$ cat start_38.txt   # compact mmCIF, C-alpha atoms
# COMPACT_ATOMS: atom_id res chain seq x y z
CA MET A 1067 82.33 105.85 104.27
CA PRO A 1068 82.91 107.32 107.75
CA ALA A 1069 86.33 108.72 108.63
CA THR A 1070 86.66 106.12 111.39
CA THR A 1071 86.76 103.20 108.93
CA PRO A 1072 90.05 101.41 109.63
CA ARG A 1073 92.57 100.48 107.01
CA ILE A 1074 92.52 96.74 106.38
CA GLU A 1075 95.89 95.06 106.01
CA THR A 1076 96.50 91.35 105.49
CA PHE A 1077 99.59 89.21 104.92
CA ALA A 1078 99.76 85.86 103.18
CA VAL A 1079 102.23 83.60 101.39
CA GLU A 1080 101.17 83.06 97.77
CA ASP A 1081 103.14 81.53 94.92
CA GLY A 1082 106.44 81.77 96.82
CA CYS A 1083 105.94 85.42 97.80
CA LEU A 1084 105.03 87.23 100.99
CA VAL A 1085 102.02 89.33 99.94
CA ARG A 1086 100.81 92.41 101.81
CA LYS A 1087 97.32 93.49 100.75
CA VAL A 1088 95.96 96.86 101.86
CA VAL A 1089 92.49 98.34 101.61
CA PRO A 1090 93.08 101.98 102.61
CA ARG A 1091 90.50 104.23 104.25
CA ARG A 1092 90.49 106.21 101.03
CA GLY A 1093 91.81 105.35 97.60
CA GLU A 1094 92.32 102.10 95.77
CA PRO A 1095 93.33 98.77 97.31
CA TYR A 1096 96.88 97.67 96.50
CA GLU A 1097 99.30 94.86 97.20
CA HIS A 1098 103.05 94.46 97.55
CA ARG A 1099 104.85 91.18 96.81
CA CYS A 1100 108.22 90.16 98.14
CA PRO A 1101 109.78 86.86 97.05
CA LEU A 1102 109.93 84.64 100.12
CA ALA A 1103 113.65 83.95 99.58
CA ALA A 1104 114.39 87.71 99.62
CA TYR A 1105 112.28 88.16 102.76
CA ARG A 1106 114.16 85.35 104.51
CA GLU A 1107 117.51 86.86 103.50
CA LEU A 1108 116.41 90.23 104.88
CA ALA A 1109 115.14 88.66 108.11
CA TRP A 1110 118.40 86.79 108.76
CA ALA A 1111 120.47 89.91 108.04
CA ALA A 1112 118.30 91.89 110.48
CA ILE A 1113 118.74 89.20 113.15
CA ASP A 1114 122.52 89.32 112.66
CA LEU A 1115 122.55 93.11 113.13
CA ALA A 1116 119.84 93.36 115.80
CA ALA A 1117 122.13 93.62 118.85
CA ASP A 1118 123.74 96.81 117.55
CA GLY A 1119 120.69 98.19 115.77
CA PHE A 1120 120.55 98.92 112.05
CA THR A 1121 119.18 101.18 109.36
CA VAL A 1122 118.36 100.47 105.73
CA GLY A 1123 121.81 101.88 104.95
CA THR A 1124 123.62 99.42 107.22
CA LEU A 1125 121.35 96.52 106.26
CA ALA A 1126 121.67 96.93 102.48
CA PRO A 1127 125.32 95.80 102.18
CA LYS A 1128 124.37 92.50 103.85
CA LEU A 1129 121.82 91.67 101.13
CA SER A 1130 122.20 90.30 97.64
CA ARG A 1131 120.92 92.35 94.72
CA ARG A 1132 117.88 90.04 94.65
CA ALA A 1133 116.70 91.20 98.06
CA TRP A 1134 117.50 94.91 97.78
CA PRO A 1135 114.52 96.01 95.60
CA SER A 1136 112.17 94.42 98.13
CA VAL A 1137 113.73 96.45 100.95
CA ALA A 1138 113.58 99.75 99.10
$ encode --input "start_38.txt" --output "structure tokens"
Amino acid sequence: MPATTPRIETFAVEDGCLVRKVVPRRGEPYEHRCPLAAYRELAWAAIDLAADGFTVGTLAPKLSRRAWPSVA
């Protein structure tokens, strides 16, 4: 495989989860799942904080325990 082969990354909603699938240039393909409800909670918290900017540290207190593992 040439070094110029791009990484392939796709996103989909499956079984109530946002799913990110990655086929890296090297190594094994993998996927990450985030429950859609946790993603929505994170998105709304980010929108609320967007005007002032935020970090994971300032975003985390705005999230329930359900959403936090998906952020980390």
$ atom_distance --input "start_38.txt" --atom1 "CA of Pro1072 in chain A" --atom2 "CA of His1098 in chain A"
19.1 Å
$ closest_residue --input "start_38.txt" --among "A:Ala1109, A:Val1122, A:Val1079, A:Ile1074" --to "Pro1095 in chain A" --atoms "all atoms listed in the file"
A:Ile1074
$ residues_around --input "start_38.txt" --residues "Ala1078 in chain A" --least-positions-apart "5" --cutoff "12 Å" --atoms "all atoms listed in the file" --output "list in words"
Cys1083, Leu1084, Val1085, Arg1086, Lys1087, Val1088, Glu1097, His1098, Arg1099, Cys1100, Pro1101 and Leu1102 of chain A
$ atom_distance --input "start_38.txt" --atom1 "CA of Thr1121 in chain A" --atom2 "CA of Ala1104 in chain A"
17.3 Å
$ atom_distance --input "start_38.txt" --atom1 "CA of Glu1075 in chain A" --atom2 "CA of Val1089 in chain A"
6.5 Å
$ closest_residue --input "start_38.txt" --among "A:Gly1119, A:Pro1090, A:Ala1111, A:Arg1106" --to "Thr1071 in chain A" --atoms "all atoms listed in the file"
A:Pro1090
$ closest_residue --input "start_38.txt" --among "A:Ala1112, A:Arg1091, A:Tyr1105, A:Tyr1096" --to "Leu1125 in chain A" --atoms "all atoms listed in the file"
A:Ala1112
